[in-house]
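Below is one structure; the comments refer to it alone.
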Amino acid sequence: MTATLAPAKPEPGAAPPPTEEARRSVPRWVWALGVVVVWIVVYQLTKGNDTLTLPGRSHTDLHNSLTGFRDDVLSSRDTNPVIQFTYDLGSWFSSVVEWAQGLISIPDFPRPVPQIGWLGVLAIATWTGLALAGWRIALLIACSFLSFGLFGYWSASMDLLIVTLFSVLIAVVLGIPLAIWLGTSRSRFVVGAINTVLDFFQTMPTFVYLLPIVLFFGIGASSAVVCTFLYALPPIIRIAGHGIRNVPATTLEATDSAGQTGFQRLRKVQLPMARRTIVVGLNQTVMAALAMATLVGYIDGPGLGQEVLDALFKNDVGAGFVPGMLIVVMAVMLDRTTTAASEAPEKRIRSGTDPRRRRILLAVTGVLALVAVYLSRRTLDLAEFPETSWRATVADKVNSFEDWFIDTFGGATDWFKDTVSSLLLNPMQSLLAESPWYVAAAGIFGIAVALGGMRAVLPTLICLAGLRYFDLWHDAMITLNMTLVGTLLVMVLALVFGVWMARSPKADLVIRPLLDTGQTIPPFVYLIPILSLFDPTRFTAIVAGVVYAAPVAIKLVADGVKGVSPTTLEAARSTGSTTWQEITKVQLPMARGSIVLAANQGLLYVLSMAVIGGLVGGGALGYDVVLGFSRSEEWGKGAAAGISIVLIGIMLDRIARAAAHGDPVTRDPNKRRRWLAARV
Amino acid sequence: MRTRKLRTGLLAVGACVALTLAGCGDDSISKETKENEAKAADQGDCGEINMAVNPWVGYEASAYVVGTVVEQEIGCKVNYKDLKEDVSWQGFGTGEVDVVIEDWGHPDLEKKFFADQGDGTAMDFGENGNVGIIGWFVPPWLAEEHPDILDWENLNKYADEFKTSESGDKGQFLGSDPSYVQFDEAIISNLGLDFKVVFSGGEAASISAFEKAEKNHEWVIGYWWEPQWFNAKVPMQRVKLPPYEEGCQDDPAKVACDYPETPLKKIVSTSWVDEGGPGVELVKNFKWTNEDQNLVAKYITEDKMSAEDAAAKWVEDNPDKVEAWLP
């Protein structure tokens, strides 16, 4: 019974020493290291037993019963009142989208073109930008819309815009009341429950619920809208709720003393004061909605995502790059517009713009826009965007660049991949996945307790039990390992680039747009190039995760280091410390809260790419999810894998939070705004 | 105040230009609208066909060729829907999908949707003439330099060469896209081969691996198939396994034989067939060869034509074959 031995040793670390001094005497990481050492010893004696390995195409009774549940729902679809209702709702969604498509994106028969042609749409969008946020934004919008047309994706871009805006609208309508509930509830239970449900939705791989949603809402635009708003809903609830909760208590007390009702307090004090945060939530919701653009292409969701997928099937990097970049353009456009629009009224008041002059300006430009609409309804060339060769040119350039890049760096990348695999990936995987499951569970539990103390006990136990229950333990350990290695690489990048950006405004200026792109470009665009560099391997899967997760972590570290007070830095300089000392002794320790947060975010973002990793040779849970999505009889296994990913995510998050809780730097709630900080 | 004057002036100029343009813009759209209306009245109503487009190029080729003929010859409207296989089958019952033009065999879906065991919303509409050949393949350079590798009995000799960072101390066998029926894990263990299956996870990943292997003369063996556009670019060579015999794949754990040749089928919505019409007959008649499909697939991938253009070109070049499908 080595199982009971394993956790026995680290037990002393489990109960955190009562005083700060005692804790300082033996740092927590020493306890964690102790657990690892014990684990390695036990592993040597027991490896290969009870690893619960399940071959790629096998499933267990539990998986079959999940599949059976899906089959029951499917066969009841003609009589099930819930499905009847959701189906009607779905066809309403579809008809709204179709109406909007006939208006601006696809020919509205018998017209050869949509009701409003490109010139009209461009003019209205630009005018809206002008009215909401001023000239600069109007110019940005005009350029963005022109690029949609010039690259030959006018109609697909309009489709994406329709689905995105409609989904975001629904997310806002449903999300704001929930955010108010989250922000004003005094019950810790309600807050905890809402947060856990949101965690679930944000970590559950979309591939798992794509098929059930189609079952309930039908194929095409309807399900695309539902998938998109479900994924886009959590950020606005979380962030807006956070904003409402954080309105200073003194302000509330002061206004309460004037005898206001609860509703008045909400409407006159809490919502207005939380406005900036609510807008950040809205931004995040828009970004999340765009992140779904590609996946809904699998269920005939209209938009640019279909074009990206289509290029992927042909292994044509250039052809996927163009629509992928247009998604980035749309993300940047919407992000900057919402932000500027929320600041515009205040700015106008401050700069003392004459409201009458503004009204005249808007009226005149509005008339111009209407003229453009009229023209675009009459003349073919102003309705249908003229064809250009831009798309083909850029696609060819990208393809030849990719060829050159791979020819030049192919050899070096192989070496890098093999080194990381043999020195880091394989030994860690052996420990996690080749230990008997109970030894691995005990080891993980021991580390969690050593790092997080009592707070980590319950969540870790629940998640480990859940992982065992869903019968994919071995795959879960492999995925966990890839996530940890990926996070390690992310943190190396985050520290190097974060510090560089914080210390050099020029570097910041150049790198930041690249980070924005890395975060919003659909991963499907860069899968082929990294496959060509690293073959279908776990390492490729990790690289995909790192590309997606590194931007968030780099930004967090950069902002944290930048936030270190200049006077402290001056003081260090006056004592004659070198640059290296300045970074390692002052900046990094003082930005510790941000670095912990970056690691936490990095973990979750890397994990969220597990399924994409399954598409490029990552195997394990990611592959199981893709398998469940692809073969009807394996759906149950895919669902179990999806839930396992959620459990890993929640477990890592709770351990990290528990670990950060004991940390005086991160105890400050402002430093722990995870969804705020993750903003694009 | 100067800026204000300037701005008003600019606006006035802009308004004048716009109004002039409004006078000039020709009325080309309403003309075409009238033409469309007239055309629609002439043709009568053939209805619409919802054609699932599953995510691989060969399928796209078949779907668009059928769609093009339907639109050109009988004037029905075709709605192409980009869908995965499982989603397509779910759509038969709701009227969202009428035709799946290339099916590689989905016993579990047949059980759910065919009349004998399931709800009867879908039905088998016969073979489409394409034959799926599934098996173990190596890149051409390998077959040329080590011709004996094309027999499974010699694979263990080379197992070491196939080692990668993923396969530990065994050779790597590249499993493929999860959408396909695969028994490779069983075949390897039942034939006593020193290989480990590593799933590439997708068609794109397998293609990248094979392409790179051919270019850099790397050792790769994996699950692959035909018809497939990539074979025109890199003609993958098939490794001989113990031949397929009836029933040798019935128990998934005991499989030790090659994959059978799979005649690809058309699957259609029962209610759509019941409605009848020229579109139904055309889909019923549609049949072509692997060479035909590979040619259209080549137009799409190598020549970078859109699926519509590629299909139209093939239809124009092959009037006799198209003639045979017409109702």
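Numbering starts fresh at 1 for the residues of each chain in the structure tokens, the chains themselves are lettered A, B, ... in the order given, and ligands are numbered from 1 as they appear.
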* To do: Would you list the contacts of range 262-274 of chain B as a PyMOL selection string, taking every protein, DNA or RNA residue within 9 Å and counting only C-alpha atoms, but skipping same-chain residues closer than 3 positions in sequence?
  => chain B and resi 49+89+91-93+95+97-105+120-134+259+277+280-281+283-284
Selected residues, N, CA and C atoms, written as a compact mmCIF listing (two decimals), in the first residue's frame, please.
```txt
# COMPACT_ATOMS: atom_id res chain seq x y z
N ILE B 49 -32.08 22.72 -52.72
CA ILE B 49 -31.42 21.52 -52.21
C ILE B 49 -30.39 21.93 -51.18
N TRP B 89 -25.78 14.53 -40.41
CA TRP B 89 -26.77 13.48 -40.23
C TRP B 89 -27.90 13.96 -39.32
N GLY B 91 -29.05 16.77 -39.24
CA GLY B 91 -29.86 17.71 -39.99
C GLY B 91 -30.87 17.08 -40.94
N PHE B 92 -30.73 15.77 -41.22
CA PHE B 92 -31.68 15.13 -42.14
C PHE B 92 -33.11 15.22 -41.61
N GLY B 93 -33.25 14.99 -40.30
CA GLY B 93 -34.58 14.92 -39.71
C GLY B 93 -35.28 16.26 -39.66
N GLY B 95 -34.86 18.78 -41.90
CA GLY B 95 -34.96 19.44 -43.20
C GLY B 95 -33.84 20.42 -43.46
N VAL B 97 -30.67 19.51 -43.88
CA VAL B 97 -29.73 18.88 -44.81
C VAL B 97 -30.51 17.87 -45.65
N ASP B 98 -30.29 17.90 -46.97
CA ASP B 98 -30.93 16.93 -47.85
C ASP B 98 -29.95 15.88 -48.34
N VAL B 99 -28.72 16.29 -48.63
CA VAL B 99 -27.79 15.37 -49.29
C VAL B 99 -26.42 15.37 -48.60
N VAL B 100 -25.92 14.16 -48.31
CA VAL B 100 -24.50 13.96 -48.01
C VAL B 100 -23.96 13.17 -49.19
N ILE B 101 -23.02 13.74 -49.93
CA ILE B 101 -22.67 13.18 -51.22
C ILE B 101 -21.56 12.15 -51.13
N GLU B 102 -20.82 12.13 -50.02
CA GLU B 102 -19.72 11.16 -49.89
C GLU B 102 -19.64 10.68 -48.46
N ASP B 103 -20.05 9.43 -48.22
CA ASP B 103 -20.04 8.89 -46.87
C ASP B 103 -19.10 7.70 -46.80
N TRP B 104 -18.18 7.74 -45.82
CA TRP B 104 -17.17 6.69 -45.68
C TRP B 104 -17.61 5.60 -44.73
N GLY B 105 -18.84 5.56 -44.34
CA GLY B 105 -19.29 4.51 -43.43
C GLY B 105 -19.36 4.98 -42.01
N GLY B 120 -35.39 6.60 -39.14
CA GLY B 120 -35.75 6.59 -40.56
C GLY B 120 -35.69 7.93 -41.25
N THR B 121 -34.99 8.90 -40.67
CA THR B 121 -34.92 10.21 -41.32
C THR B 121 -33.92 10.21 -42.47
N ALA B 122 -32.97 9.25 -42.45
CA ALA B 122 -31.96 9.21 -43.51
C ALA B 122 -32.06 7.90 -44.27
N MET B 123 -31.58 7.92 -45.52
CA MET B 123 -31.55 6.67 -46.27
C MET B 123 -30.33 6.59 -47.18
N ASP B 124 -29.93 5.34 -47.45
CA ASP B 124 -28.80 5.07 -48.32
C ASP B 124 -29.27 5.31 -49.76
N PHE B 125 -28.53 6.12 -50.53
CA PHE B 125 -28.97 6.44 -51.88
C PHE B 125 -28.01 5.85 -52.92
N GLY B 126 -27.30 4.81 -52.53
CA GLY B 126 -26.43 4.13 -53.49
C GLY B 126 -25.01 4.66 -53.49
N GLU B 127 -24.17 3.98 -54.25
CA GLU B 127 -22.75 4.35 -54.30
C GLU B 127 -22.55 5.55 -55.21
N ASN B 128 -21.52 6.35 -54.90
CA ASN B 128 -21.27 7.51 -55.75
C ASN B 128 -20.13 7.26 -56.74
N GLY B 129 -19.64 5.98 -56.78
CA GLY B 129 -18.62 5.62 -57.76
C GLY B 129 -17.21 5.74 -57.23
N ASN B 130 -17.01 6.59 -56.21
CA ASN B 130 -15.67 6.69 -55.62
C ASN B 130 -15.43 5.49 -54.73
N VAL B 131 -14.19 5.03 -54.71
CA VAL B 131 -13.84 3.91 -53.85
C VAL B 131 -12.78 4.38 -52.87
N GLY B 132 -13.09 4.24 -51.61
CA GLY B 132 -12.13 4.65 -50.59
C GLY B 132 -11.12 3.54 -50.34
N ILE B 133 -9.85 3.88 -50.48
CA ILE B 133 -8.80 2.90 -50.19
C ILE B 133 -8.06 3.40 -48.97
N ILE B 134 -8.16 2.64 -47.88
CA ILE B 134 -7.54 3.03 -46.63
C ILE B 134 -6.41 2.07 -46.35
N TYR B 259 -7.29 -2.89 -44.24
CA TYR B 259 -8.63 -2.30 -44.34
C TYR B 259 -9.27 -2.71 -45.66
N GLY B 277 -38.89 15.11 -57.41
CA GLY B 277 -38.41 16.23 -58.21
C GLY B 277 -37.15 15.87 -58.97
N VAL B 280 -33.80 15.19 -57.03
CA VAL B 280 -33.66 13.88 -56.40
C VAL B 280 -33.11 12.88 -57.40
N GLU B 281 -33.67 12.91 -58.63
CA GLU B 281 -33.21 11.95 -59.63
C GLU B 281 -31.77 12.17 -60.02
N VAL B 283 -29.34 13.45 -58.18
CA VAL B 283 -28.45 12.97 -57.12
C VAL B 283 -28.40 11.45 -57.16
N LYS B 284 -29.55 10.82 -57.42
CA LYS B 284 -29.61 9.35 -57.51
C LYS B 284 -28.68 8.86 -58.63
```
* So which bits of range 3-147 of chain A end up helix (DSSP H, G or I) when you DSSP the backbone, as a ChimeraX atom specification? -> /A:3-8,11-14,20-25,28-46,61-75,81-104,118-133,135-147
Put those residues in a file: C-alpha atoms, as an mmCIF file, in the first residue's frame.
```
data_model
loop_
_atom_site.group_PDB
_atom_site.id
_atom_site.type_symbol
_atom_site.label_atom_id
_atom_site.label_comp_id
_atom_site.auth_asym_id
_atom_site.auth_seq_id
_atom_site.Cartn_x
_atom_site.Cartn_y
_atom_site.Cartn_z
ATOM 1 C CA ALA A 3 -0.655 4.740 -1.822
ATOM 2 C CA THR A 4 -1.033 5.754 1.767
ATOM 3 C CA LEU A 5 2.670 6.274 2.163
ATOM 4 C CA ALA A 6 2.953 8.942 -0.450
ATOM 5 C CA PRO A 7 0.881 11.665 1.164
ATOM 6 C CA ALA A 8 1.995 10.734 4.653
ATOM 7 C CA GLU A 11 1.617 16.049 5.755
ATOM 8 C CA PRO A 12 3.659 18.461 7.919
ATOM 9 C CA GLY A 13 3.434 20.975 5.117
ATOM 10 C CA ALA A 14 -0.305 20.527 4.936
ATOM 11 C CA GLU A 20 4.215 34.593 9.410
ATOM 12 C CA GLU A 21 7.652 34.153 10.941
ATOM 13 C CA ALA A 22 7.311 30.405 11.082
ATOM 14 C CA ARG A 23 6.262 30.324 7.457
ATOM 15 C CA ARG A 24 9.182 32.431 6.452
ATOM 16 C CA SER A 25 11.586 30.037 8.133
ATOM 17 C CA ARG A 28 6.423 26.868 0.863
ATOM 18 C CA TRP A 29 8.291 25.820 -2.247
ATOM 19 C CA VAL A 30 10.673 23.782 -0.097
ATOM 20 C CA TRP A 31 7.703 21.773 1.189
ATOM 21 C CA ALA A 32 6.489 21.334 -2.383
ATOM 22 C CA LEU A 33 9.930 20.182 -3.432
ATOM 23 C CA GLY A 34 9.893 17.726 -0.560
ATOM 24 C CA VAL A 35 6.655 16.259 -1.863
ATOM 25 C CA VAL A 36 8.166 15.908 -5.326
ATOM 26 C CA VAL A 37 11.205 14.085 -3.963
ATOM 27 C CA VAL A 38 9.032 11.633 -2.050
ATOM 28 C CA TRP A 39 6.868 11.211 -5.136
ATOM 29 C CA ILE A 40 9.902 10.383 -7.287
ATOM 30 C CA VAL A 41 11.058 7.766 -4.795
ATOM 31 C CA VAL A 42 7.625 6.125 -4.689
ATOM 32 C CA TYR A 43 7.415 6.348 -8.478
ATOM 33 C CA GLN A 44 10.647 4.392 -8.870
ATOM 34 C CA LEU A 45 9.130 1.526 -6.899
ATOM 35 C CA THR A 46 5.680 1.509 -8.444
ATOM 36 C CA ASP A 61 -19.076 2.033 -19.534
ATOM 37 C CA LEU A 62 -19.267 5.529 -18.097
ATOM 38 C CA HIS A 63 -18.475 7.011 -21.501
ATOM 39 C CA ASN A 64 -21.099 4.775 -23.072
ATOM 40 C CA SER A 65 -23.708 5.908 -20.610
ATOM 41 C CA LEU A 66 -22.940 9.542 -21.449
ATOM 42 C CA THR A 67 -23.311 8.714 -25.148
ATOM 43 C CA GLY A 68 -26.571 6.939 -24.308
ATOM 44 C CA PHE A 69 -27.876 10.054 -22.621
ATOM 45 C CA ARG A 70 -27.125 12.088 -25.750
ATOM 46 C CA ASP A 71 -28.857 9.429 -27.886
ATOM 47 C CA ASP A 72 -31.965 9.599 -25.701
ATOM 48 C CA VAL A 73 -32.160 13.360 -26.104
ATOM 49 C CA LEU A 74 -31.669 12.994 -29.852
ATOM 50 C CA SER A 75 -34.387 10.388 -30.300
ATOM 51 C CA PRO A 81 -41.138 20.229 -25.355
ATOM 52 C CA VAL A 82 -37.810 21.790 -24.368
ATOM 53 C CA ILE A 83 -36.338 21.034 -27.788
ATOM 54 C CA GLN A 84 -39.484 22.314 -29.477
ATOM 55 C CA PHE A 85 -39.083 25.572 -27.589
ATOM 56 C CA THR A 86 -35.340 25.965 -28.209
ATOM 57 C CA TYR A 87 -35.868 25.079 -31.841
ATOM 58 C CA ASP A 88 -38.414 27.850 -32.237
ATOM 59 C CA LEU A 89 -36.028 30.209 -30.487
ATOM 60 C CA GLY A 90 -33.281 29.048 -32.829
ATOM 61 C CA SER A 91 -35.318 29.703 -35.928
ATOM 62 C CA TRP A 92 -36.075 33.179 -34.605
ATOM 63 C CA PHE A 93 -32.315 33.772 -34.221
ATOM 64 C CA SER A 94 -31.823 32.487 -37.754
ATOM 65 C CA SER A 95 -34.471 34.767 -39.178
ATOM 66 C CA VAL A 96 -32.938 37.808 -37.493
ATOM 67 C CA VAL A 97 -29.523 36.907 -38.910
ATOM 68 C CA GLU A 98 -30.967 36.216 -42.353
ATOM 69 C CA TRP A 99 -32.789 39.529 -42.353
ATOM 70 C CA ALA A 100 -29.565 41.334 -41.488
ATOM 71 C CA GLN A 101 -27.697 39.362 -44.147
ATOM 72 C CA GLY A 102 -30.204 40.412 -46.792
ATOM 73 C CA LEU A 103 -29.719 43.960 -45.600
ATOM 74 C CA ILE A 104 -25.941 44.170 -45.824
ATOM 75 C CA TRP A 118 -20.758 48.391 -49.479
ATOM 76 C CA LEU A 119 -20.623 52.147 -49.864
ATOM 77 C CA GLY A 120 -23.766 52.597 -47.807
ATOM 78 C CA VAL A 121 -22.616 50.240 -45.064
ATOM 79 C CA LEU A 122 -19.214 51.894 -44.974
ATOM 80 C CA ALA A 123 -20.805 55.338 -44.713
ATOM 81 C CA ILE A 124 -23.207 54.360 -41.937
ATOM 82 C CA ALA A 125 -20.491 52.591 -39.948
ATOM 83 C CA THR A 126 -18.147 55.538 -40.275
ATOM 84 C CA TRP A 127 -20.864 57.983 -39.292
ATOM 85 C CA THR A 128 -21.714 55.838 -36.253
ATOM 86 C CA GLY A 129 -18.072 55.928 -35.250
ATOM 87 C CA LEU A 130 -18.042 59.689 -35.644
ATOM 88 C CA ALA A 131 -21.175 60.105 -33.554
ATOM 89 C CA LEU A 132 -20.009 57.774 -30.794
ATOM 90 C CA ALA A 133 -16.329 58.460 -30.549
ATOM 91 C CA TRP A 135 -12.950 61.534 -36.018
ATOM 92 C CA ARG A 136 -10.116 59.164 -35.226
ATOM 93 C CA ILE A 137 -12.405 56.229 -34.592
ATOM 94 C CA ALA A 138 -14.445 57.113 -37.676
ATOM 95 C CA LEU A 139 -11.248 56.896 -39.704
ATOM 96 C CA LEU A 140 -10.303 53.586 -38.097
ATOM 97 C CA ILE A 141 -13.715 52.153 -38.902
ATOM 98 C CA ALA A 142 -13.595 53.377 -42.495
ATOM 99 C CA CYS A 143 -10.157 51.793 -43.019
ATOM 100 C CA SER A 144 -11.259 48.521 -41.435
ATOM 101 C CA PHE A 145 -14.343 48.240 -43.611
ATOM 102 C CA LEU A 146 -12.332 49.129 -46.699
ATOM 103 C CA SER A 147 -9.863 46.373 -45.870
#
```
* To do: Find the spatial neighbours of His146 in chain B, counting only C-alpha atoms, within a cut-off of 12 Å - ignore same-chain residues fewer than 3 positions away - and output them as an MDAnalysis selection string.
  => chainID B and resid 138:143 149:151 154:155 157:158 217 219 237 239
Expected file: the selected residues, N, CA and C atoms, as a tab-separated table (two decimals), in the first residue's frame:
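Below you can see again_22.tsv, which holds the result:
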```
chain	number	residue	atom	x	y	z
B	138	VAL	N	3.63	4.98	-46.81
B	138	VAL	CA	4.91	5.65	-46.55
B	138	VAL	C	5.16	6.63	-47.69
B	139	PRO	N	5.98	7.65	-47.46
B	139	PRO	CA	6.27	8.59	-48.54
B	139	PRO	C	7.09	7.92	-49.65
B	140	PRO	N	7.00	8.42	-50.88
B	140	PRO	CA	7.63	7.76	-52.03
B	140	PRO	C	9.13	7.56	-51.90
B	141	TRP	N	9.85	8.50	-51.30
B	141	TRP	CA	11.31	8.34	-51.25
B	141	TRP	C	11.69	7.08	-50.48
B	142	LEU	N	10.88	6.78	-49.44
B	142	LEU	CA	11.16	5.63	-48.59
B	142	LEU	C	10.92	4.33	-49.36
B	143	ALA	N	9.81	4.33	-50.11
B	143	ALA	CA	9.48	3.14	-50.90
B	143	ALA	C	10.55	2.89	-51.95
B	149	ILE	N	10.22	-2.25	-47.55
B	149	ILE	CA	9.40	-1.68	-46.47
B	149	ILE	C	7.91	-1.77	-46.81
B	150	LEU	N	7.62	-2.02	-48.09
B	150	LEU	CA	6.22	-2.06	-48.51
B	150	LEU	C	5.53	-3.36	-48.10
B	151	ASP	N	6.25	-4.21	-47.37
B	151	ASP	CA	5.63	-5.41	-46.82
B	151	ASP	C	5.69	-5.33	-45.29
B	154	ASN	N	8.49	-6.74	-42.95
B	154	ASN	CA	9.82	-6.13	-42.80
B	154	ASN	C	9.81	-4.87	-41.92
B	155	LEU	N	8.64	-4.52	-41.43
B	155	LEU	CA	8.56	-3.24	-40.70
B	155	LEU	C	9.41	-3.23	-39.43
B	157	LYS	N	12.15	-4.52	-38.82
B	157	LYS	CA	13.55	-4.29	-39.14
B	157	LYS	C	13.89	-2.80	-39.08
B	158	TYR	N	12.91	-1.98	-39.47
B	158	TYR	CA	13.16	-0.55	-39.58
B	158	TYR	C	12.58	0.25	-38.40
B	217	HIS	N	13.46	13.71	-46.62
B	217	HIS	CA	13.77	12.29	-46.51
B	217	HIS	C	13.76	11.81	-45.06
B	219	TRP	N	11.76	9.53	-41.97
B	219	TRP	CA	11.03	8.25	-41.89
B	219	TRP	C	9.65	8.48	-41.29
B	237	GLN	N	2.90	5.73	-50.90
B	237	GLN	CA	2.96	4.32	-51.29
B	237	GLN	C	2.39	3.44	-50.19
B	239	VAL	N	1.65	0.21	-47.87
B	239	VAL	CA	2.34	-0.94	-47.29
B	239	VAL	C	1.37	-2.11	-47.23
```
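A straight line drawn from CA of Ala660 in chain A to CA of Trp500 in chain A is 24.9 Å long.
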* Find the residues around range 204-210 of chain B up to 6 Å (only C-alpha atoms counted), leave out those fewer than 6 positions away in its own chain, and share them as a ChimeraX atom specification. => /A:315,532,535-536,616
May I have the residues from that selection written out with N, CA and C atoms, as an mmCIF file, in the first residue's frame?
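As written to disk, selection-v8.cif reads:
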```cif
data_model
loop_
_atom_site.group_PDB
_atom_site.id
_atom_site.type_symbol
_atom_site.label_atom_id
_atom_site.label_comp_id
_atom_site.auth_asym_id
_atom_site.auth_seq_id
_atom_site.Cartn_x
_atom_site.Cartn_y
_atom_site.Cartn_z
ATOM 1 N N ASN A 315 -4.380 22.923 -46.464
ATOM 2 C CA ASN A 315 -3.023 23.220 -46.007
ATOM 3 C C ASN A 315 -2.459 24.464 -46.684
ATOM 4 N N SER A 532 4.632 22.365 -39.631
ATOM 5 C CA SER A 532 5.767 22.170 -40.529
ATOM 6 C C SER A 532 7.077 22.278 -39.771
ATOM 7 N N ASP A 535 6.338 19.017 -36.596
ATOM 8 C CA ASP A 535 5.611 17.755 -36.805
ATOM 9 C C ASP A 535 4.425 17.638 -35.838
ATOM 10 N N PRO A 536 3.557 16.637 -36.089
ATOM 11 C CA PRO A 536 2.456 16.453 -35.125
ATOM 12 C C PRO A 536 3.000 15.837 -33.844
ATOM 13 N N VAL A 616 -3.251 18.680 -33.504
ATOM 14 C CA VAL A 616 -1.905 18.729 -34.084
ATOM 15 C C VAL A 616 -0.951 17.753 -33.411
#
```
* Identify all chain B residues at most 7 Å from chain A by counting only C-alpha atoms; ligands do not count. Present them as a ChimeraX atom specification. => /B:15,18,22,25-30,32-33,36-37,55-57,81-84,86-87,91,96,108-109,165-166,178-179,199-202,204-205,208-209,212,301
Restricting it to C-alpha atoms, dump the selection as a short mmCIF file (atom, residue, chain, number, x, y, z; two decimals), in the first residue's frame.
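File produced: selection.cif:
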```cif
data_model
loop_
_atom_site.label_atom_id
_atom_site.label_comp_id
_atom_site.auth_asym_id
_atom_site.auth_seq_id
_atom_site.Cartn_x
_atom_site.Cartn_y
_atom_site.Cartn_z
CA ALA B 15 -22.61 67.84 -49.87
CA ALA B 18 -22.48 63.94 -53.11
CA ALA B 22 -26.41 61.06 -56.79
CA GLY B 25 -25.07 57.13 -60.38
CA ASP B 26 -26.62 54.80 -62.93
CA ASP B 27 -29.56 52.62 -62.04
CA SER B 28 -27.88 49.28 -62.82
CA ILE B 29 -29.33 47.41 -59.87
CA SER B 30 -33.02 47.77 -60.58
CA GLU B 32 -30.84 43.34 -62.88
CA THR B 33 -33.55 42.93 -60.29
CA ASN B 36 -33.94 38.14 -61.99
CA GLU B 37 -37.68 38.41 -61.42
CA PRO B 55 -14.61 19.31 -44.37
CA TRP B 56 -12.30 17.69 -46.92
CA VAL B 57 -11.41 18.69 -50.44
CA LYS B 81 -23.67 24.01 -45.74
CA ASP B 82 -20.21 23.58 -44.26
CA LEU B 83 -20.71 20.85 -41.67
CA LYS B 84 -18.97 17.99 -39.92
CA ASP B 86 -22.29 14.00 -37.38
CA VAL B 87 -23.96 17.38 -37.62
CA GLY B 91 -29.86 17.71 -39.99
CA GLU B 96 -31.75 21.39 -42.80
CA ASP B 108 -23.34 4.24 -35.42
CA LEU B 109 -25.13 7.00 -37.32
CA SER B 165 10.11 12.29 -29.46
CA GLU B 166 6.57 10.93 -29.07
CA PRO B 178 -10.33 10.97 -35.56
CA SER B 179 -13.19 11.01 -38.08
CA PHE B 199 -2.47 10.37 -33.39
CA SER B 200 -1.80 13.33 -35.63
CA GLY B 201 -5.30 14.52 -34.75
CA GLY B 202 -6.25 15.87 -38.14
CA ALA B 204 -3.90 18.87 -42.01
CA ALA B 205 -1.41 17.54 -39.45
CA SER B 208 2.20 18.44 -43.07
CA ALA B 209 4.07 15.46 -41.67
CA LYS B 212 7.94 17.38 -44.70
CA THR B 301 -5.79 22.92 -54.24
#
```
* Spatial neighbours of Glu291 in chain B, max dist 9 Å, only C-alpha atoms, sep filter under 4 positions, as a ChimeraX atom specification -> /B:130,227,295-296
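The two atoms in question, CA of Gln587 in chain A and CA of Ile554 in chain A, are spaced 14.8 Å apart.
Distances to Leu230 in chain A were evaluated for A:Leu604, A:Val280, A:Leu271, A:Val168 using only C-alpha atoms, and the minimum falls at A:Val168.
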* Asked: Residues at most 12 Å from Lys77 in chain B, counting only C-alpha atoms, excluding those fewer than 3 positions away in the same chain, as a ChimeraX atom specification?
  -> /A:109 /B:40,43-51,66-74,80,279
* Pick from A:Ile244, A:Ile213, A:Leu458, A:Val208: nearest to Ala639 in chain A, with only C-alpha atoms counted? ->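 Closest residue, counting only C-alpha atoms: A:Val208.
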* Using DSSP on the backbone coordinates, identify all residues within range 76-215 of chain B classified as strand (DSSP E); present the result as a PyMOL selection string. => chain B and resi 77-82+99-103+122-138+171-175+195-199
* Find the residue from A:Tyr548, A:Tyr231, A:Trp437, A:Phe189 that sits nearest to Gln601 in chain A; use only C-alpha atoms when measuring. =>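 Closest to Gln601 in chain A, using only C-alpha atoms: A:Tyr548.
Separating CA of Arg186 in chain A from CA of Phe229 in chain A is a distance of 27.4 Å.
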